>>> print(open('protein.cif').read())   # mmCIF, C-alpha atoms
data_my_file
#
loop_
_atom_site.label_atom_id
_atom_site.label_comp_id
_atom_site.auth_asym_id
_atom_site.auth_seq_id
_atom_site.Cartn_x
_atom_site.Cartn_y
_atom_site.Cartn_z
CA MET A 1 -95.37 -88.89 -11.32
CA SER A 2 -96.11 -90.71 -8.10
CA GLY A 3 -96.07 -89.64 -4.48
CA ALA A 4 -95.75 -91.64 -1.30
CA ALA A 5 -97.24 -95.15 -1.28
CA GLY A 6 -98.09 -94.89 -4.97
CA THR A 7 -100.41 -91.90 -4.63
CA PRO A 8 -100.27 -89.41 -7.52
CA ALA A 9 -97.79 -86.59 -6.93
CA PHE A 10 -99.06 -83.07 -6.36
CA LEU A 11 -98.71 -81.03 -9.55
CA PRO A 12 -97.78 -77.39 -8.80
CA TYR A 13 -98.73 -74.64 -11.24
CA GLY A 14 -95.05 -74.26 -12.19
CA ARG A 15 -91.62 -75.61 -11.36
CA GLN A 16 -88.06 -75.81 -12.66
CA SER A 17 -86.71 -78.60 -14.88
CA ILE A 18 -83.18 -79.55 -13.80
CA ASP A 19 -81.20 -82.46 -15.25
CA ALA A 20 -77.71 -83.95 -14.90
CA ASP A 21 -76.20 -81.44 -17.36
CA ASP A 22 -77.36 -78.57 -15.16
CA VAL A 23 -75.95 -80.19 -12.03
CA ALA A 24 -72.62 -80.83 -13.76
CA ALA A 25 -72.42 -77.20 -14.94
CA VAL A 26 -72.86 -75.89 -11.39
CA GLN A 27 -70.50 -78.50 -9.95
CA ALA A 28 -67.80 -77.41 -12.39
CA VAL A 29 -68.01 -73.85 -11.07
CA LEU A 30 -67.84 -75.09 -7.47
CA GLN A 31 -64.52 -76.69 -8.38
CA SER A 32 -63.24 -73.60 -10.23
CA PRO A 33 -61.41 -70.52 -8.90
CA PHE A 34 -64.49 -68.29 -9.28
CA LEU A 35 -67.85 -68.58 -7.57
CA THR A 36 -68.83 -65.03 -8.50
CA GLN A 37 -67.61 -62.22 -10.77
CA GLY A 38 -65.90 -64.79 -12.99
CA PRO A 39 -66.13 -65.91 -16.63
CA GLU A 40 -69.53 -67.65 -16.45
CA VAL A 41 -71.33 -64.31 -16.11
CA ALA A 42 -69.93 -63.07 -19.42
CA ARG A 43 -70.70 -66.45 -21.05
CA PHE A 44 -74.33 -66.26 -19.97
CA GLU A 45 -74.68 -62.65 -21.11
CA ALA A 46 -73.18 -63.49 -24.51
CA ALA A 47 -75.49 -66.50 -24.90
CA LEU A 48 -78.56 -64.41 -24.05
CA ALA A 49 -77.53 -61.66 -26.46
CA GLU A 50 -77.03 -64.20 -29.24
CA ARG A 51 -80.36 -65.89 -28.52
CA THR A 52 -82.36 -62.65 -28.52
CA GLY A 53 -80.45 -60.82 -31.23
CA ALA A 54 -79.62 -57.88 -28.96
CA ARG A 55 -76.18 -56.21 -29.07
CA TYR A 56 -75.70 -56.19 -25.30
CA CYS A 57 -76.84 -58.07 -22.20
CA VAL A 58 -76.26 -57.42 -18.49
CA ALA A 59 -77.20 -60.15 -16.00
CA PHE A 60 -78.51 -59.32 -12.52
CA ALA A 61 -79.20 -61.04 -9.20
CA ASN A 62 -82.93 -61.10 -9.99
CA ALA A 63 -85.43 -59.52 -12.37
CA THR A 64 -86.56 -56.93 -9.84
CA ALA A 65 -82.97 -55.66 -9.63
CA ALA A 66 -82.87 -55.67 -13.44
CA LEU A 67 -86.07 -53.60 -13.64
CA HIS A 68 -84.79 -51.20 -10.99
CA CYS A 69 -81.58 -50.58 -12.90
CA ALA A 70 -83.27 -50.41 -16.30
CA VAL A 71 -85.38 -47.49 -15.12
CA ALA A 72 -82.40 -45.92 -13.29
CA ALA A 73 -80.28 -46.11 -16.45
CA LEU A 74 -82.71 -43.77 -18.22
CA ASP A 75 -81.95 -40.93 -15.75
CA LEU A 76 -85.54 -39.69 -15.74
CA PRO A 77 -86.52 -36.70 -13.59
CA PRO A 78 -88.07 -37.44 -10.18
CA GLY A 79 -91.83 -36.98 -10.23
CA ALA A 80 -92.17 -38.01 -13.86
CA GLU A 81 -94.66 -40.75 -14.67
CA GLY A 82 -94.27 -44.24 -16.06
CA VAL A 83 -97.05 -46.50 -17.36
CA THR A 84 -97.19 -50.25 -16.93
CA SER A 85 -99.81 -52.99 -16.94
CA ALA A 86 -102.37 -53.33 -14.16
CA ASN A 87 -102.10 -57.11 -14.69
CA THR A 88 -98.60 -57.89 -13.50
CA PHE A 89 -96.50 -58.62 -10.44
CA VAL A 90 -95.81 -55.59 -8.27
CA ALA A 91 -92.15 -55.40 -9.38
CA SER A 92 -93.20 -54.00 -12.78
CA ALA A 93 -94.51 -50.90 -11.03
CA ASN A 94 -92.23 -50.85 -7.99
CA CYS A 95 -89.24 -50.22 -10.26
CA LEU A 96 -90.78 -46.86 -11.12
CA ALA A 97 -91.35 -45.97 -7.48
CA TYR A 98 -87.78 -47.01 -6.57
CA ASN A 99 -86.56 -44.32 -8.95
CA GLY A 100 -88.85 -41.55 -7.69
CA LEU A 101 -91.30 -41.87 -10.58
CA VAL A 102 -95.09 -42.07 -10.32
CA PRO A 103 -96.54 -45.39 -11.57
CA ARG A 104 -99.67 -45.27 -13.73
CA PHE A 105 -101.62 -48.34 -14.79
CA ALA A 106 -102.94 -49.32 -18.21
CA ASP A 107 -105.89 -51.64 -18.72
CA ILE A 108 -105.63 -54.90 -20.66
CA ASP A 109 -107.05 -56.63 -23.70
CA ALA A 110 -109.73 -59.17 -22.72
CA GLN A 111 -108.40 -61.98 -24.93
CA THR A 112 -104.67 -61.82 -24.19
CA ALA A 113 -104.59 -60.04 -20.79
CA ASN A 114 -101.81 -57.85 -22.27
CA VAL A 115 -101.68 -54.08 -22.49
CA THR A 116 -102.08 -52.57 -25.94
CA ALA A 117 -100.90 -49.37 -27.57
CA ALA A 118 -104.41 -48.00 -27.08
CA THR A 119 -104.63 -48.82 -23.36
CA LEU A 120 -101.15 -47.42 -22.76
CA SER A 121 -101.94 -44.29 -24.76
CA ALA A 122 -105.01 -43.65 -22.62
CA CYS A 123 -102.68 -43.25 -19.60
CA VAL A 124 -100.06 -41.01 -21.19
CA THR A 125 -99.91 -37.45 -19.86
CA ALA A 126 -97.52 -34.55 -20.25
CA ALA A 127 -95.57 -36.03 -17.30
CA THR A 128 -95.13 -39.51 -18.84
CA ARG A 129 -91.57 -40.48 -19.72
CA VAL A 130 -91.49 -44.28 -19.97
CA LEU A 131 -93.73 -47.20 -20.90
CA ILE A 132 -93.25 -50.68 -19.41
CA PRO A 133 -95.41 -53.15 -21.37
CA VAL A 134 -95.56 -56.63 -19.80
CA HIS A 135 -95.54 -59.73 -22.01
CA PHE A 136 -98.02 -61.55 -19.79
CA ALA A 137 -97.89 -65.37 -19.61
CA GLY A 138 -95.20 -65.35 -22.31
CA GLN A 139 -97.30 -63.83 -25.09
CA PRO A 140 -95.65 -60.82 -26.76
CA CYS A 141 -97.45 -57.50 -26.70
CA ASP A 142 -97.89 -55.71 -30.02
CA MET A 143 -94.50 -54.03 -29.81
CA PRO A 144 -94.53 -52.39 -33.28
CA ALA A 145 -97.66 -50.47 -32.26
CA ILE A 146 -96.28 -49.67 -28.80
CA GLY A 147 -92.97 -48.59 -30.29
CA ALA A 148 -94.80 -46.30 -32.72
CA LEU A 149 -96.72 -44.75 -29.82
CA ALA A 150 -93.47 -44.17 -27.94
CA ARG A 151 -91.79 -42.50 -30.91
CA GLU A 152 -94.83 -40.29 -31.52
CA ARG A 153 -94.94 -39.14 -27.88
CA GLY A 154 -91.19 -39.03 -27.22
CA LEU A 155 -91.24 -41.84 -24.64
CA ARG A 156 -88.74 -44.50 -23.59
CA VAL A 157 -89.77 -48.18 -23.56
CA ILE A 158 -88.69 -51.04 -21.27
CA GLU A 159 -90.20 -54.43 -22.12
CA ASP A 160 -90.98 -56.52 -19.04
CA ALA A 161 -90.37 -59.95 -20.53
CA ALA A 162 -90.09 -61.81 -17.22
CA HIS A 163 -92.49 -64.39 -18.69
CA ALA A 164 -91.32 -64.35 -22.28
CA ILE A 165 -87.82 -65.73 -22.89
CA GLY A 166 -88.04 -67.69 -26.15
CA SER A 167 -91.17 -65.95 -27.45
CA VAL A 168 -91.26 -64.57 -30.99
CA ASP A 169 -93.61 -61.87 -32.27
CA ALA A 170 -95.80 -61.94 -35.35
CA HIS A 171 -92.97 -60.44 -37.42
CA GLY A 172 -90.49 -63.17 -36.48
CA ILE A 173 -88.58 -60.95 -34.04
CA PRO A 174 -87.48 -62.61 -30.77
CA VAL A 175 -88.56 -60.96 -27.54
CA GLY A 176 -85.42 -59.29 -26.21
CA ALA A 177 -84.14 -58.03 -29.58
CA CYS A 178 -85.24 -54.52 -28.51
CA ALA A 179 -86.44 -53.77 -32.03
CA HIS A 180 -89.09 -51.40 -30.64
CA SER A 181 -87.76 -50.63 -27.17
CA ASP A 182 -84.77 -49.30 -25.29
CA MET A 183 -84.37 -52.37 -23.08
CA THR A 184 -85.94 -55.76 -22.32
CA VAL A 185 -85.92 -57.40 -18.89
CA PHE A 186 -85.98 -61.17 -18.29
CA SER A 187 -86.51 -63.29 -15.17
CA PHE A 188 -84.94 -66.66 -14.35
CA HIS A 189 -86.89 -67.52 -11.20
CA PRO A 190 -87.50 -71.30 -10.82
CA VAL A 191 -91.07 -71.15 -12.17
CA LYS A 192 -89.93 -69.36 -15.34
CA THR A 193 -89.08 -71.14 -18.60
CA ILE A 194 -85.36 -71.31 -17.80
CA THR A 195 -83.88 -70.74 -14.37
CA THR A 196 -80.71 -69.61 -12.65
CA GLY A 197 -82.30 -70.15 -9.22
CA GLU A 198 -82.85 -66.43 -8.88
CA GLY A 199 -81.64 -64.12 -11.60
CA GLY A 200 -82.54 -61.59 -14.24
CA ALA A 201 -81.07 -59.82 -17.24
CA VAL A 202 -81.46 -56.73 -19.39
CA THR A 203 -80.84 -56.69 -23.13
CA THR A 204 -80.31 -53.49 -25.11
CA ASN A 205 -78.85 -52.22 -28.37
CA ASP A 206 -77.70 -48.94 -26.81
CA ALA A 207 -74.04 -48.75 -25.79
CA ALA A 208 -74.65 -45.96 -23.27
CA LEU A 209 -77.43 -47.90 -21.56
CA HIS A 210 -75.23 -51.01 -21.47
CA GLU A 211 -72.53 -48.99 -19.76
CA ALA A 212 -74.98 -47.51 -17.25
CA LEU A 213 -76.48 -50.91 -16.44
CA THR A 214 -73.04 -52.41 -15.87
CA LEU A 215 -72.12 -49.60 -13.46
CA LEU A 216 -75.45 -49.70 -11.61
CA ARG A 217 -75.17 -53.46 -11.07
CA SER A 218 -71.95 -53.13 -9.06
CA HIS A 219 -72.02 -50.06 -6.79
CA GLY A 220 -71.51 -47.62 -9.67
CA ILE A 221 -67.83 -48.60 -9.65
CA THR A 222 -65.47 -48.88 -12.61
CA LYS A 223 -61.93 -50.24 -12.90
CA ASP A 224 -61.69 -49.49 -16.63
CA PRO A 225 -58.38 -47.62 -17.15
CA ALA A 226 -59.95 -45.64 -19.99
CA ARG A 227 -62.57 -44.21 -17.61
CA LEU A 228 -60.50 -43.54 -14.49
CA ARG A 229 -59.81 -39.90 -13.58
CA THR A 230 -56.55 -40.93 -11.93
CA ASN A 231 -54.75 -44.26 -12.11
CA PRO A 232 -52.13 -44.71 -9.38
CA GLY A 233 -52.04 -48.49 -9.75
CA PRO A 234 -53.86 -51.72 -10.69
CA TRP A 235 -55.70 -51.72 -7.35
CA HIS A 236 -57.48 -48.42 -8.10
CA TYR A 237 -61.22 -48.09 -8.71
CA GLU A 238 -63.66 -45.17 -8.85
CA GLN A 239 -67.33 -44.83 -8.06
CA GLU A 240 -68.96 -42.85 -10.87
CA ARG A 241 -72.57 -42.99 -9.70
CA LEU A 242 -74.70 -44.36 -6.90
CA GLY A 243 -75.14 -48.03 -7.73
CA PHE A 244 -76.16 -51.25 -6.05
CA ASN A 245 -74.87 -54.72 -5.26
CA TYR A 246 -77.07 -56.53 -7.77
CA ARG A 247 -74.42 -58.91 -9.10
CA ILE A 248 -75.31 -62.43 -10.20
CA THR A 249 -72.96 -65.34 -9.41
CA ASP A 250 -70.99 -67.68 -11.66
CA LEU A 251 -72.92 -70.57 -10.08
CA GLN A 252 -76.18 -69.09 -11.31
CA CYS A 253 -74.84 -68.20 -14.73
CA ALA A 254 -73.39 -71.66 -15.33
CA LEU A 255 -76.86 -73.05 -14.65
CA GLY A 256 -78.30 -70.39 -16.98
CA VAL A 257 -75.99 -71.32 -19.86
CA SER A 258 -76.96 -74.97 -19.46
CA GLN A 259 -80.66 -74.15 -19.23
CA LEU A 260 -80.54 -71.87 -22.27
CA ARG A 261 -79.41 -74.82 -24.40
CA LYS A 262 -82.71 -76.52 -23.52
CA LEU A 263 -84.94 -73.52 -24.23
CA ASP A 264 -86.24 -74.81 -27.57
CA ALA A 265 -87.15 -78.18 -26.04
CA PHE A 266 -88.83 -76.48 -23.08
CA LYS A 267 -90.78 -74.24 -25.44
CA SER A 268 -91.91 -77.14 -27.61
CA ARG A 269 -93.22 -79.07 -24.61
CA ARG A 270 -94.95 -76.04 -23.13
CA ARG A 271 -96.72 -75.32 -26.42
CA ALA A 272 -97.76 -78.97 -26.73
CA ILE A 273 -99.31 -78.87 -23.25
CA VAL A 274 -101.12 -75.62 -24.05
CA SER A 275 -102.52 -77.18 -27.24
CA ALA A 276 -103.69 -80.23 -25.29
CA TYR A 277 -105.43 -78.08 -22.71
CA ASP A 278 -107.06 -75.89 -25.36
CA ALA A 279 -108.44 -78.95 -27.16
CA ALA A 280 -109.67 -80.58 -23.95
CA PHE A 281 -111.43 -77.46 -22.67
CA ALA A 282 -112.97 -76.38 -25.97
CA GLY A 283 -116.71 -75.95 -25.72
CA LEU A 284 -116.93 -75.73 -21.94
CA PRO A 285 -119.40 -72.86 -21.38
CA TRP A 286 -117.93 -71.89 -18.00
CA LEU A 287 -114.25 -71.80 -19.04
CA ARG A 288 -112.28 -69.86 -21.61
CA PRO A 289 -108.49 -69.77 -22.00
CA LEU A 290 -106.51 -66.76 -23.10
CA VAL A 291 -106.10 -66.39 -26.86
CA GLU A 292 -102.75 -66.22 -28.64
CA ARG A 293 -102.48 -63.34 -31.09
CA PRO A 294 -102.33 -64.58 -34.72
CA GLY A 295 -98.81 -65.09 -36.03
CA THR A 296 -97.04 -65.02 -32.67
CA ASP A 297 -94.96 -67.94 -31.45
CA SER A 298 -95.19 -67.66 -27.69
CA CYS A 299 -93.14 -69.59 -25.19
CA PHE A 300 -95.94 -69.79 -22.65
CA HIS A 301 -94.95 -69.32 -19.03
CA LEU A 302 -98.50 -69.66 -17.71
CA TYR A 303 -101.69 -71.39 -18.78
CA VAL A 304 -104.49 -69.13 -17.61
CA VAL A 305 -108.20 -69.81 -17.86
CA ARG A 306 -111.10 -67.50 -17.08
CA LEU A 307 -113.81 -69.25 -15.09
CA ASP A 308 -117.48 -68.38 -14.62
CA PHE A 309 -117.63 -69.06 -10.90
CA ALA A 310 -121.35 -68.23 -10.73
CA ALA A 311 -122.07 -70.94 -13.30
CA LEU A 312 -119.91 -73.36 -11.33
CA GLY A 313 -121.83 -72.53 -8.18
CA CYS A 314 -118.72 -71.86 -6.07
CA ASP A 315 -116.08 -69.22 -5.59
CA ARG A 316 -112.41 -69.32 -6.61
CA ALA A 317 -111.18 -70.44 -3.19
CA ALA A 318 -113.50 -73.44 -3.37
CA VAL A 319 -112.35 -74.27 -6.90
CA MET A 320 -108.71 -74.12 -5.85
CA ALA A 321 -109.48 -76.34 -2.84
CA ARG A 322 -111.21 -78.91 -5.05
CA LEU A 323 -108.29 -78.94 -7.46
CA ALA A 324 -105.80 -79.26 -4.58
CA ALA A 325 -107.76 -82.22 -3.21
CA ALA A 326 -107.22 -83.87 -6.60
CA GLY A 327 -103.48 -83.12 -6.42
CA ILE A 328 -103.62 -80.17 -8.82
CA GLY A 329 -101.98 -76.87 -7.92
CA SER A 330 -103.29 -73.55 -9.17
CA GLN A 331 -102.49 -69.88 -8.69
CA VAL A 332 -103.83 -66.40 -9.45
CA HIS A 333 -101.91 -64.10 -11.84
CA TYR A 334 -102.49 -61.27 -10.93
CA ILE A 335 -104.19 -59.06 -8.39
CA PRO A 336 -104.29 -55.61 -10.07
CA VAL A 337 -101.26 -53.80 -8.68
CA TYR A 338 -103.06 -50.55 -7.93
CA THR A 339 -105.45 -52.34 -5.54
CA GLN A 340 -102.57 -53.15 -3.18
CA PRO A 341 -102.68 -51.18 0.10
CA TRP A 342 -99.35 -49.43 -0.46
CA TYR A 343 -100.45 -48.12 -3.87
CA ARG A 344 -103.81 -46.94 -2.53
CA GLU A 345 -102.15 -45.15 0.38
CA THR A 346 -99.22 -43.70 -1.59
CA TYR A 347 -100.83 -42.72 -4.89
CA GLY A 348 -104.55 -42.67 -4.11
CA THR A 349 -105.40 -45.43 -6.57
CA HIS A 350 -108.86 -46.92 -6.38
CA ASP A 351 -111.16 -49.66 -7.65
CA GLY A 352 -112.51 -49.08 -11.16
CA LEU A 353 -109.24 -47.69 -12.51
CA CYS A 354 -108.83 -50.54 -15.04
CA PRO A 355 -112.20 -52.27 -15.50
CA GLU A 356 -111.04 -55.09 -17.76
CA ALA A 357 -108.09 -55.94 -15.49
CA GLU A 358 -110.50 -56.14 -12.55
CA HIS A 359 -112.95 -58.29 -14.53
CA TYR A 360 -110.10 -60.55 -15.61
CA PHE A 361 -108.81 -60.83 -12.02
CA ALA A 362 -112.25 -61.88 -10.82
CA GLU A 363 -112.20 -64.85 -13.22
CA CYS A 364 -108.58 -65.93 -13.73
CA LEU A 365 -106.83 -69.09 -12.59
CA SER A 366 -103.46 -70.51 -13.66
CA LEU A 367 -103.18 -74.28 -14.16
CA PRO A 368 -100.02 -76.45 -14.14
CA LEU A 369 -97.66 -75.75 -17.02
CA TYR A 370 -94.03 -76.91 -17.08
CA PRO A 371 -92.01 -79.26 -19.31
CA ALA A 372 -91.82 -82.15 -16.83
CA LEU A 373 -95.59 -82.66 -16.96
CA THR A 374 -96.24 -86.02 -18.62
CA ASP A 375 -99.23 -86.72 -20.86
CA ALA A 376 -100.73 -88.60 -17.91
CA ASP A 377 -100.23 -85.54 -15.70
CA VAL A 378 -101.95 -83.35 -18.29
CA ALA A 379 -104.84 -85.82 -18.42
CA ARG A 380 -105.13 -85.61 -14.61
CA VAL A 381 -105.35 -81.82 -14.79
CA VAL A 382 -107.95 -81.97 -17.56
CA ALA A 383 -110.08 -84.49 -15.67
CA ALA A 384 -109.97 -82.44 -12.46
CA VAL A 385 -110.88 -79.22 -14.25
CA ARG A 386 -113.70 -80.76 -16.27
CA ALA A 387 -115.07 -82.31 -13.06
CA LEU A 388 -115.57 -78.79 -11.70
CA GLY A 389 -118.49 -78.42 -14.08
CA SER A 390 -120.35 -81.55 -12.99
CA GLY A 391 -122.95 -79.42 -11.26
CA ALA A 392 -122.86 -76.47 -13.65
#
>>> encode(input="protein.cif", output="structure tokens")
Amino acid sequence: MSGAAGTPAFLPYGRQSIDADDVAAVQAVLQSPFLTQGPEVARFEAALAERTGARYCVAFANATAALHCAVAALDLPPGAEGVTSANTFVASANCLAYNGLVPRFADIDAQTANVTAATLSACVTAATRVLIPVHFAGQPCDMPAIGALARERGLRVIEDAAHAIGSVDAHGIPVGACAHSDMTVFSFHPVKTITTGEGGAVTTNDAALHEALTLLRSHGITKDPARLRTNPGPWHYEQERLGFNYRITDLQCALGVSQLRKLDAFKSRRRAIVSAYDAAFAGLPWLRPLVERPGTDSCFHLYVVRLDFAALGCDRAAVMARLAAAGIGSQVHYIPVYTQPWYRETYGTHDGLCPEAEHYFAECLSLPLYPALTDADVARVVAAVRALGSGA
């Protein structure tokens, strides 16, 4: 990759991979009768269901909308509690608040930065109704253990798999199969493994949840003759519940179908880059990457390292500035959600709630990871990162 006047291009931490097939797929929709609410939506949903092994799939305008509706579909009582990871984007918790539930935050495992059955269990109270484990960076949580916890305590489970399309757990079960959960939510933002521009989806094996999700996505309205209370003509429709306009377009879904065909290739390249980074950084005393759980086959969305900034003699802002000067982008995933001002002011959350998540946040940094990175690009990243330790 080269920039202006032959200078090396800036390497962001993540970006989409779009080729001529993707462009042609979108162009075909632009020349078709439907730009939205047409056949491409159903094609994309069917392809996602087939890929994950789930019975049903409902696509949404974005993953936040998908999370919102997944919680809404459970019809939980206002004031009940839901538990999610402290180490996630705010949407994983906001979806609880949108539905009048109280978000609670589970701490993480130091090696994977994922929640565990034990950390979730520590947050469960008599008011808890739903667990939302987050498959951070693309690595699956231990869903058999989390599913067992949920069954024991009578809880619902929504997997936040925004990072994890294409990942497979240690038992060979694809993320999204909902083998140990009620629903799984995916994201197709441009930095994710496959993209629809913006977009999200929910998979489930429950026919009633599929029906609720479909209604919630489009104003709570049905035109199904079998469901209508009266049917004066083909123009008639009825609103059965309070829903939203969270529909995805045919343009987006055509891109999604095309992208999904490339998922295995994207995954292979991402895993190769992760392996190259792991080998290059092995033995550095001031850096440690996250560890993949034995037996899992993760489609990594992020490559996160934990840095000893004291040993490096500079803070994270300085490290990011040095990397940027070398043309290397980086990012922080994530600030613990409960430390955000709105959560402090609304729920009285405070520092010290999840010690490992706070320790992790103090050390974490995400490095470039996307399929278009060449071996030369990876070598540039490695050289820039290793150079950080020249004074350590």
>>> closest_atom_pairs(input="protein.cif", of="segment 226-276 of chain A", to="segment 182-189 of chain A", cutoff="12 Å", atoms="all atoms listed in the file", output="JSON lines")
{"residue": "A:Ile248", "atom": "CA", "partner": "A:Phe188", "partner_atom": "CA", "distance": 11.3}
{"residue": "A:Gln252", "atom": "CA", "partner": "A:Phe188", "partner_atom": "CA", "distance": 9.6}
{"residue": "A:Cys253", "atom": "CA", "partner": "A:Phe188", "partner_atom": "CA", "distance": 10.2}
{"residue": "A:Leu255", "atom": "CA", "partner": "A:Phe188", "partner_atom": "CA", "distance": 10.3}
{"residue": "A:Gly256", "atom": "CA", "partner": "A:Phe188", "partner_atom": "CA", "distance": 8.1}
{"residue": "A:Val257", "atom": "CA", "partner": "A:Phe188", "partner_atom": "CA", "distance": 11.5}
{"residue": "A:Gln259", "atom": "CA", "partner": "A:Phe188", "partner_atom": "CA", "distance": 9.9}
{"residue": "A:Leu260", "atom": "CA", "partner": "A:Phe188", "partner_atom": "CA", "distance": 10.5}
>>> residues_near_point(input="protein.cif", point="(-112.6, -52.4, -19.2)", cutoff="10 Å", atoms="all atoms listed in the file", output="ChimeraX atom specification")
/A:107-110,119,352-360
>>> atom_distance(input="protein.cif", atom1="atom CA of Ala324 of chain A", atom2="atom CA of Phe266 of chain A")
25.3 Å
>>> atom_distance(input="protein.cif", atom1="atom CA of Ala212 of chain A", atom2="atom CA of Glu81 of chain A")
21.0 Å
>>> resolve_selection(input="protein.cif", expression="the PyMOL selection byres ((chain A and resi 66-71) around 8)", output="CSV table (one decimal) with C-alpha atoms, in the coordinates of the input")
chain,number,residue,atom,x,y,z
A,59,ALA,CA,-77.2,-60.2,-16.0
A,60,PHE,CA,-78.5,-59.3,-12.5
A,61,ALA,CA,-79.2,-61.0,-9.2
A,62,ASN,CA,-82.9,-61.1,-10.0
A,63,ALA,CA,-85.4,-59.5,-12.4
A,64,THR,CA,-86.6,-56.9,-9.8
A,65,ALA,CA,-83.0,-55.7,-9.6
A,72,ALA,CA,-82.4,-45.9,-13.3
A,73,ALA,CA,-80.3,-46.1,-16.4
A,74,LEU,CA,-82.7,-43.8,-18.2
A,75,ASP,CA,-82.0,-40.9,-15.8
A,76,LEU,CA,-85.5,-39.7,-15.7
A,91,ALA,CA,-92.2,-55.4,-9.4
A,92,SER,CA,-93.2,-54.0,-12.8
A,95,CYS,CA,-89.2,-50.2,-10.3
A,96,LEU,CA,-90.8,-46.9,-11.1
A,98,TYR,CA,-87.8,-47.0,-6.6
A,99,ASN,CA,-86.6,-44.3,-9.0
A,158,ILE,CA,-88.7,-51.0,-21.3
A,160,ASP,CA,-91.0,-56.5,-19.0
A,183,MET,CA,-84.4,-52.4,-23.1
A,185,VAL,CA,-85.9,-57.4,-18.9
A,186,PHE,CA,-86.0,-61.2,-18.3
A,200,GLY,CA,-82.5,-61.6,-14.2
A,201,ALA,CA,-81.1,-59.8,-17.2
A,202,VAL,CA,-81.5,-56.7,-19.4
A,213,LEU,CA,-76.5,-50.9,-16.4
A,216,LEU,CA,-75.4,-49.7,-11.6
A,217,ARG,CA,-75.2,-53.5,-11.1
>>> residues_around(input="protein.cif", residues="segment 295-308 of chain A", least_positions_apart="4", cutoff="8 Å", atoms="only C-alpha atoms", output="number ranges by chain")
A: 14, 137-140, 163-172, 192-193, 267, 270-271, 274, 286-290, 312, 360, 363-370
>>> axis_aligned_box(input="protein.cif", around="segment 108-117 of chain A", padding_each_side="5 Å", output="lines of an AutoDock Vina configuration file")
center_x = -105.3
center_y = -55.7
center_z = -24.1
size_x = 18.8
size_y = 22.6
size_z = 16.9
>>> resolve_selection(input="protein.cif", expression="the PyMOL selection byres ((chain A and resi 243) around 8)", output="number ranges by chain")
A: 215-221, 241-242, 244-245
>>> write_last_selection(input="protein.cif", atoms="C-alpha atoms", output="PDB file, in the frame of the given file")
ATOM      1  CA  LEU A 215     -72.120 -49.600 -13.460  1.00  0.00           C
ATOM      2  CA  LEU A 216     -75.450 -49.700 -11.610  1.00  0.00           C
ATOM      3  CA  ARG A 217     -75.170 -53.460 -11.070  1.00  0.00           C
ATOM      4  CA  SER A 218     -71.950 -53.130  -9.060  1.00  0.00           C
ATOM      5  CA  HIS A 219     -72.020 -50.060  -6.790  1.00  0.00           C
ATOM      6  CA  GLY A 220     -71.510 -47.620  -9.670  1.00  0.00           C
ATOM      7  CA  ILE A 221     -67.830 -48.600  -9.650  1.00  0.00           C
ATOM      8  CA  ARG A 241     -72.570 -42.990  -9.700  1.00  0.00           C
ATOM      9  CA  LEU A 242     -74.700 -44.360  -6.900  1.00  0.00           C
ATOM     10  CA  PHE A 244     -76.160 -51.250  -6.050  1.00  0.00           C
ATOM     11  CA  ASN A 245     -74.870 -54.720  -5.260  1.00  0.00           C
TER      12      ASN A 245
END
>>> resolve_selection(input="protein.cif", expression="the PyMOL selection byres ((chain A and resi 319) around 12)", output="NGL selection string")
:A and (307-310 or 312-318 or 320-326 or 328-332 or 363-367 or 384-389)
>>> closest_residue(input="protein.cif", among="A:Pro190, A:Gly199, A:Gly348, A:Pro234", to="Gln16 of chain A", atoms="all atoms listed in the file")
A:Pro190
>>> residues_around(input="protein.cif", residues="Thr128 of chain A", least_positions_apart="6", cutoff="12 Å", atoms="only C-alpha atoms", output="list in words")
Leu76, Pro77, Pro78, Gly79, Ala80, Glu81, Gly82, Val83, Thr84, Leu96, Leu101, Val102, Pro103, Arg104, Phe105, Leu120, Ser121, Ala122, Ala150, Arg153, Gly154, Leu155, Arg156 and Val157 of chain A
>>> closest_residue(input="protein.cif", among="A:Cys141, A:Ala24, A:Leu11, A:Leu209", to="Pro371 of chain A", atoms="only C-alpha atoms")
A:Leu11
